[in-house]
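Below: one structure, written as structure tokens.
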Amino acid sequence: MMEKHMADAAAQCLQDSLSGAKHFGQIVAALQEAGIESYFADYRGACTTYYAGGQSLALPLPMPEQEIADRFDAAAVQEAIRGAQRGEVKYPRFKQLTMAAGCIGYMTWIAGRHVAYFGRRGEVHVERFPS
């Protein structure tokens, strides 16, 4: 179970992502301020799990009606990331693009300042936070 202020921050950040109200940098800053260290967006399980120390919280992650591509395409994942960084791609579209690129989910390491994107055969693309 997660402390209430952290759980509230996680739920709000998820809603802000889903609605496109906030971009990735704003979400990460809010989660960090709440004390959350990392989170895993699991496309196949349709949930996002937030972690802080020994605490965790899993929240449902609405997914598009779309299959995850069989082949992992790190370049297409990177392209989706760049679009999000430029403010051209909001989170709902980001999920679609990364699923089409064969991404099954990703782990955001807030304290480590990077995200690891996973393919169904164990492929990993690591993206460092912009400076």
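Labels for the structure tokens follow display order: chains A, B, ..., residues from 1 in each chain, ligands from 1.
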
DSSP on the backbone, strand (DSSP E) only: what residues of stretch 5-59 of chain A does that give? Format it as a PyMOL selection string.
chain A and resi 38-42+47-52+55-59

Those selected residues, please, written with all heavy atoms and delivered as a short mmCIF file (atom, residue, chain, number, x, y, z; two decimals), in the first residue's frame.
```cif
data_model
loop_
_atom_site.label_atom_id
_atom_site.label_comp_id
_atom_site.auth_asym_id
_atom_site.auth_seq_id
_atom_site.Cartn_x
_atom_site.Cartn_y
_atom_site.Cartn_z
N SER A 38 9.84 5.55 -9.16
CA SER A 38 9.76 4.96 -10.49
C SER A 38 8.34 4.50 -10.75
O SER A 38 7.51 4.44 -9.84
CB SER A 38 10.72 3.76 -10.61
OG SER A 38 10.39 2.77 -9.67
N TYR A 39 8.07 4.18 -12.03
CA TYR A 39 6.78 3.59 -12.37
C TYR A 39 6.92 2.74 -13.62
O TYR A 39 7.78 2.99 -14.46
CB TYR A 39 5.67 4.63 -12.52
CG TYR A 39 5.83 5.63 -13.63
CD1 TYR A 39 5.26 5.41 -14.88
CD2 TYR A 39 6.52 6.82 -13.43
CE1 TYR A 39 5.37 6.35 -15.89
CE2 TYR A 39 6.64 7.76 -14.44
CZ TYR A 39 6.07 7.51 -15.67
OH TYR A 39 6.19 8.42 -16.68
N PHE A 40 6.07 1.72 -13.71
CA PHE A 40 6.07 0.80 -14.84
C PHE A 40 4.72 0.88 -15.52
O PHE A 40 3.69 0.58 -14.92
CB PHE A 40 6.34 -0.63 -14.38
CG PHE A 40 6.30 -1.63 -15.51
CD1 PHE A 40 7.13 -1.49 -16.62
CD2 PHE A 40 5.44 -2.70 -15.47
CE1 PHE A 40 7.08 -2.40 -17.66
CE2 PHE A 40 5.39 -3.63 -16.51
CZ PHE A 40 6.21 -3.48 -17.60
N ALA A 41 4.72 1.29 -16.78
CA ALA A 41 3.51 1.30 -17.60
C ALA A 41 3.48 -0.02 -18.36
O ALA A 41 4.30 -0.26 -19.24
CB ALA A 41 3.52 2.47 -18.57
N ASP A 42 2.58 -0.90 -17.97
CA ASP A 42 2.47 -2.25 -18.53
C ASP A 42 1.33 -2.28 -19.54
O ASP A 42 0.16 -2.33 -19.17
CB ASP A 42 2.20 -3.23 -17.38
CG ASP A 42 2.08 -4.66 -17.82
OD1 ASP A 42 2.13 -4.95 -19.04
OD2 ASP A 42 1.93 -5.52 -16.93
N CYS A 47 -2.05 -1.60 -16.89
CA CYS A 47 -1.95 -0.89 -15.61
C CYS A 47 -0.61 -0.18 -15.52
O CYS A 47 0.34 -0.51 -16.23
CB CYS A 47 -2.14 -1.84 -14.43
SG CYS A 47 -0.78 -2.97 -14.15
N THR A 48 -0.56 0.81 -14.67
CA THR A 48 0.68 1.50 -14.34
C THR A 48 0.92 1.32 -12.86
O THR A 48 0.02 1.58 -12.05
CB THR A 48 0.62 3.00 -14.69
OG1 THR A 48 0.34 3.14 -16.08
CG2 THR A 48 1.93 3.71 -14.36
N THR A 49 2.10 0.84 -12.50
CA THR A 49 2.45 0.61 -11.10
C THR A 49 3.51 1.62 -10.69
O THR A 49 4.53 1.76 -11.37
CB THR A 49 2.96 -0.82 -10.88
OG1 THR A 49 1.97 -1.74 -11.36
CG2 THR A 49 3.20 -1.09 -9.39
N TYR A 50 3.24 2.32 -9.60
CA TYR A 50 4.13 3.35 -9.07
C TYR A 50 4.85 2.78 -7.85
O TYR A 50 4.25 2.05 -7.06
CB TYR A 50 3.31 4.59 -8.68
CG TYR A 50 2.60 5.20 -9.86
CD1 TYR A 50 1.36 4.72 -10.28
CD2 TYR A 50 3.18 6.22 -10.59
CE1 TYR A 50 0.71 5.26 -11.37
CE2 TYR A 50 2.55 6.76 -11.70
CZ TYR A 50 1.31 6.28 -12.08
OH TYR A 50 0.68 6.81 -13.17
N TYR A 51 6.11 3.16 -7.68
CA TYR A 51 6.94 2.63 -6.60
C TYR A 51 7.61 3.75 -5.81
O TYR A 51 8.09 4.72 -6.38
CB TYR A 51 8.04 1.73 -7.17
CG TYR A 51 7.51 0.58 -7.98
CD1 TYR A 51 7.37 0.70 -9.36
CD2 TYR A 51 7.14 -0.60 -7.37
CE1 TYR A 51 6.87 -0.35 -10.12
CE2 TYR A 51 6.64 -1.66 -8.12
CZ TYR A 51 6.51 -1.53 -9.48
OH TYR A 51 6.01 -2.57 -10.23
N ALA A 52 7.66 3.56 -4.49
CA ALA A 52 8.37 4.47 -3.59
C ALA A 52 8.87 3.64 -2.41
O ALA A 52 8.06 3.14 -1.62
CB ALA A 52 7.46 5.58 -3.10
N GLN A 55 6.90 0.66 -1.04
CA GLN A 55 5.48 0.86 -1.32
C GLN A 55 5.21 0.81 -2.83
O GLN A 55 6.07 1.17 -3.62
CB GLN A 55 5.03 2.23 -0.80
CG GLN A 55 5.28 2.46 0.68
CD GLN A 55 4.95 3.89 1.05
OE1 GLN A 55 3.82 4.33 0.90
NE2 GLN A 55 5.95 4.62 1.53
N SER A 56 4.00 0.36 -3.17
CA SER A 56 3.62 0.37 -4.58
C SER A 56 2.11 0.58 -4.71
O SER A 56 1.35 0.35 -3.76
CB SER A 56 4.01 -0.94 -5.28
OG SER A 56 3.29 -2.02 -4.73
N LEU A 57 1.73 1.03 -5.89
CA LEU A 57 0.32 1.26 -6.20
C LEU A 57 0.11 0.99 -7.68
O LEU A 57 0.79 1.58 -8.52
CB LEU A 57 -0.08 2.71 -5.89
CG LEU A 57 -1.48 3.13 -6.34
CD1 LEU A 57 -2.55 2.44 -5.48
CD2 LEU A 57 -1.62 4.64 -6.27
N ALA A 58 -0.82 0.08 -8.00
CA ALA A 58 -1.15 -0.21 -9.40
C ALA A 58 -2.48 0.45 -9.74
O ALA A 58 -3.45 0.31 -9.00
CB ALA A 58 -1.24 -1.71 -9.62
N LEU A 59 -2.49 1.19 -10.85
CA LEU A 59 -3.70 1.86 -11.32
C LEU A 59 -4.01 1.39 -12.74
O LEU A 59 -3.10 1.16 -13.54
CB LEU A 59 -3.49 3.38 -11.34
CG LEU A 59 -3.24 4.04 -9.99
CD1 LEU A 59 -2.90 5.52 -10.17
CD2 LEU A 59 -4.44 3.88 -9.08
#
```

Using only C-alpha atoms, which protein or nucleic acid residues come within 9 Å of A:Ser19? Drop anything in the same chain fewer than 2 positions from it, and give the result as a list in words.
Leu14, Gln15, Asp16, Ser17, Ala21, Lys22, Lys90, Tyr91 and Pro92 of chain A

With all heavy atoms kept, could you save the residues just selected as a PDB file, in the first residue's frame?
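This is the output file part_14.pdb:
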```pdb
ATOM      1  N   LEU A  14      -1.572  10.323 -13.616  1.00  0.00           N
ATOM      2  CA  LEU A  14      -2.082   9.430 -14.646  1.00  0.00           C
ATOM      3  C   LEU A  14      -3.218  10.107 -15.408  1.00  0.00           C
ATOM      4  O   LEU A  14      -3.246  10.090 -16.638  1.00  0.00           O
ATOM      5  CB  LEU A  14      -2.534   8.099 -14.042  1.00  0.00           C
ATOM      6  CG  LEU A  14      -3.056   7.072 -15.037  1.00  0.00           C
ATOM      7  CD1 LEU A  14      -2.021   6.735 -16.101  1.00  0.00           C
ATOM      8  CD2 LEU A  14      -3.504   5.815 -14.308  1.00  0.00           C
ATOM      9  N   GLN A  15      -4.128  10.739 -14.693  1.00  0.00           N
ATOM     10  CA  GLN A  15      -5.241  11.438 -15.351  1.00  0.00           C
ATOM     11  C   GLN A  15      -4.736  12.581 -16.228  1.00  0.00           C
ATOM     12  O   GLN A  15      -5.220  12.776 -17.344  1.00  0.00           O
ATOM     13  CB  GLN A  15      -6.245  11.959 -14.311  1.00  0.00           C
ATOM     14  CG  GLN A  15      -7.134  10.895 -13.750  1.00  0.00           C
ATOM     15  CD  GLN A  15      -7.791  10.054 -14.837  1.00  0.00           C
ATOM     16  OE1 GLN A  15      -7.554   8.855 -14.939  1.00  0.00           O
ATOM     17  NE2 GLN A  15      -8.601  10.654 -15.671  1.00  0.00           N
ATOM     18  N   ASP A  16      -3.761  13.326 -15.722  1.00  0.00           N
ATOM     19  CA  ASP A  16      -3.197  14.432 -16.497  1.00  0.00           C
ATOM     20  C   ASP A  16      -2.497  13.931 -17.765  1.00  0.00           C
ATOM     21  O   ASP A  16      -2.542  14.586 -18.802  1.00  0.00           O
ATOM     22  CB  ASP A  16      -2.223  15.251 -15.648  1.00  0.00           C
ATOM     23  CG  ASP A  16      -2.926  16.078 -14.578  1.00  0.00           C
ATOM     24  OD1 ASP A  16      -4.155  16.270 -14.661  1.00  0.00           O
ATOM     25  OD2 ASP A  16      -2.223  16.528 -13.646  1.00  0.00           O
ATOM     26  N   SER A  17      -1.860  12.766 -17.683  1.00  0.00           N
ATOM     27  CA  SER A  17      -1.232  12.169 -18.865  1.00  0.00           C
ATOM     28  C   SER A  17      -2.276  11.728 -19.872  1.00  0.00           C
ATOM     29  O   SER A  17      -2.172  12.018 -21.066  1.00  0.00           O
ATOM     30  CB  SER A  17      -0.394  10.946 -18.469  1.00  0.00           C
ATOM     31  OG  SER A  17       0.722  11.316 -17.724  1.00  0.00           O
ATOM     32  N   ALA A  21      -3.228  16.884 -20.472  1.00  0.00           N
ATOM     33  CA  ALA A  21      -3.116  18.160 -19.771  1.00  0.00           C
ATOM     34  C   ALA A  21      -1.671  18.507 -19.404  1.00  0.00           C
ATOM     35  O   ALA A  21      -1.323  19.680 -19.298  1.00  0.00           O
ATOM     36  CB  ALA A  21      -3.978  18.144 -18.504  1.00  0.00           C
ATOM     37  N   LYS A  22      -0.844  17.469 -19.189  1.00  0.00           N
ATOM     38  CA  LYS A  22       0.550  17.717 -18.814  1.00  0.00           C
ATOM     39  C   LYS A  22       1.461  16.828 -19.647  1.00  0.00           C
ATOM     40  O   LYS A  22       1.098  15.711 -20.017  1.00  0.00           O
ATOM     41  CB  LYS A  22       0.766  17.431 -17.329  1.00  0.00           C
ATOM     42  CG  LYS A  22       0.073  18.437 -16.428  1.00  0.00           C
ATOM     43  CD  LYS A  22       0.455  18.253 -14.990  1.00  0.00           C
ATOM     44  CE  LYS A  22      -0.225  19.319 -14.130  1.00  0.00           C
ATOM     45  NZ  LYS A  22       0.057  19.123 -12.714  1.00  0.00           N
ATOM     46  N   LYS A  90       0.823  13.640 -27.652  1.00  0.00           N
ATOM     47  CA  LYS A  90       0.306  13.510 -26.283  1.00  0.00           C
ATOM     48  C   LYS A  90       0.272  12.028 -25.924  1.00  0.00           C
ATOM     49  O   LYS A  90       0.368  11.146 -26.775  1.00  0.00           O
ATOM     50  CB  LYS A  90      -1.092  14.116 -26.171  1.00  0.00           C
ATOM     51  CG  LYS A  90      -1.142  15.596 -26.504  1.00  0.00           C
ATOM     52  CD  LYS A  90      -0.383  16.404 -25.498  1.00  0.00           C
ATOM     53  CE  LYS A  90      -0.542  17.883 -25.788  1.00  0.00           C
ATOM     54  NZ  LYS A  90       0.363  18.709 -25.081  1.00  0.00           N
ATOM     55  N   TYR A  91       0.074  11.727 -24.647  1.00  0.00           N
ATOM     56  CA  TYR A  91       0.194  10.362 -24.155  1.00  0.00           C
ATOM     57  C   TYR A  91      -0.715   9.344 -24.850  1.00  0.00           C
ATOM     58  O   TYR A  91      -0.237   8.254 -25.195  1.00  0.00           O
ATOM     59  CB  TYR A  91       0.017  10.316 -22.635  1.00  0.00           C
ATOM     60  CG  TYR A  91       0.396   8.991 -22.040  1.00  0.00           C
ATOM     61  CD1 TYR A  91       1.649   8.427 -22.291  1.00  0.00           C
ATOM     62  CD2 TYR A  91      -0.480   8.294 -21.243  1.00  0.00           C
ATOM     63  CE1 TYR A  91       2.005   7.204 -21.750  1.00  0.00           C
ATOM     64  CE2 TYR A  91      -0.135   7.069 -20.694  1.00  0.00           C
ATOM     65  CZ  TYR A  91       1.114   6.534 -20.952  1.00  0.00           C
ATOM     66  OH  TYR A  91       1.460   5.316 -20.419  1.00  0.00           O
ATOM     67  N   PRO A  92      -1.993   9.641 -25.092  1.00  0.00           N
ATOM     68  CA  PRO A  92      -2.808   8.630 -25.788  1.00  0.00           C
ATOM     69  C   PRO A  92      -2.212   8.222 -27.141  1.00  0.00           C
ATOM     70  O   PRO A  92      -2.163   7.035 -27.479  1.00  0.00           O
ATOM     71  CB  PRO A  92      -4.161   9.317 -25.951  1.00  0.00           C
ATOM     72  CG  PRO A  92      -4.227  10.256 -24.783  1.00  0.00           C
ATOM     73  CD  PRO A  92      -2.805  10.778 -24.653  1.00  0.00           C
TER      74      PRO A  92
END
```

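The nearest approach to A:Cys103 among the residues A:Gln12, A:Gln78, A:Gln26, A:Gln32, with only C-alpha atoms taken into account, belongs to A:Gln78.
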
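Shell of A:Gly102 at 9 Å, with only C-alpha atoms counted and residues fewer than 3 places along the chain excluded, is Glu67, Ile68, Ala69, Asp70, Arg71, Phe72, Asp73, Ala74, Val77, Leu97, Thr98, Met99, Phe118, Gly119 and Arg120 of chain A.
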
What are the DSSP alpha helix (DSSP H) residues of chain A, as a ChimeraX atom specification?
/A:4-19,24-34,74-85,91-100

For A:Arg44, please output as a PyMOL selection string all residues within 8 Å (counting only C-alpha atoms; exclusion window: fewer than 2 positions along the same chain).
chain A and resi 42+46+104-105

Would you pick out the contacts of A:Glu88 at 12 Å or less, using only C-alpha atoms, so that residues sharing its chain but fewer than 6 positions from it are not included, and give the list as JSON, numbers by chain?
{"A": [20, 23, 79, 80, 81, 82, 94]}

Neighbour list for A:Gly53 as an NGL selection string, cut-off 9 Å, only C-alpha atoms, skip fewer than 3 positions in-chain
:A and (35-37 or 56)

Selection export as a short mmCIF file (atom, residue, chain, number, x, y, z; two decimals), in the first residue's frame, atoms kept: all heavy atoms:
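Full text of again.cif as output:
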```cif
data_model
loop_
_atom_site.label_atom_id
_atom_site.label_comp_id
_atom_site.auth_asym_id
_atom_site.auth_seq_id
_atom_site.Cartn_x
_atom_site.Cartn_y
_atom_site.Cartn_z
N GLY A 35 7.54 12.00 -3.94
CA GLY A 35 8.38 10.96 -3.36
C GLY A 35 8.34 9.64 -4.12
O GLY A 35 8.86 8.62 -3.64
N ILE A 36 7.78 9.64 -5.31
CA ILE A 36 7.72 8.41 -6.12
C ILE A 36 9.03 8.28 -6.90
O ILE A 36 9.50 9.24 -7.50
CB ILE A 36 6.49 8.44 -7.05
CG1 ILE A 36 5.23 8.38 -6.16
CG2 ILE A 36 6.54 7.30 -8.05
CD1 ILE A 36 3.94 8.56 -6.90
N GLU A 37 9.61 7.08 -6.82
CA GLU A 37 10.93 6.83 -7.40
C GLU A 37 10.88 6.33 -8.84
O GLU A 37 11.79 6.59 -9.63
CB GLU A 37 11.68 5.80 -6.57
CG GLU A 37 11.89 6.21 -5.15
CD GLU A 37 12.36 5.08 -4.26
OE1 GLU A 37 12.19 3.90 -4.60
OE2 GLU A 37 12.93 5.40 -3.20
N SER A 56 4.00 0.36 -3.17
CA SER A 56 3.62 0.37 -4.58
C SER A 56 2.11 0.58 -4.71
O SER A 56 1.35 0.35 -3.76
CB SER A 56 4.01 -0.94 -5.28
OG SER A 56 3.29 -2.02 -4.73
#
```

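Note that the spacing between atom CA of A:Met107 and atom CA of A:Tyr43 amounts to 11.2 Å.
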
Computed gap from atom CA of A:Ile110 to atom CA of A:Arg93 is 22.1 Å

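For the pair atom CA of A:Leu61 and atom CA of A:Trp109, the separation is 18.4 Å.
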
So, with only C-alpha atoms as the atoms that count, which of A:Arg86, A:Gly25, A:Thr108, A:Gln66 lies closest to A:Ser131?
A:Gly25

Smallest atom-to-atom distance to A:Gln85: which of A:Gly122, A:Gly54, A:Phe24, A:His5, using only C-alpha atoms?
A:Phe24

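Counting only C-alpha atoms and comparing A:Ala84, A:Met63, A:Ala7, A:Ala111, the residue that lies closest to A:Ala29 is A:Ala111.
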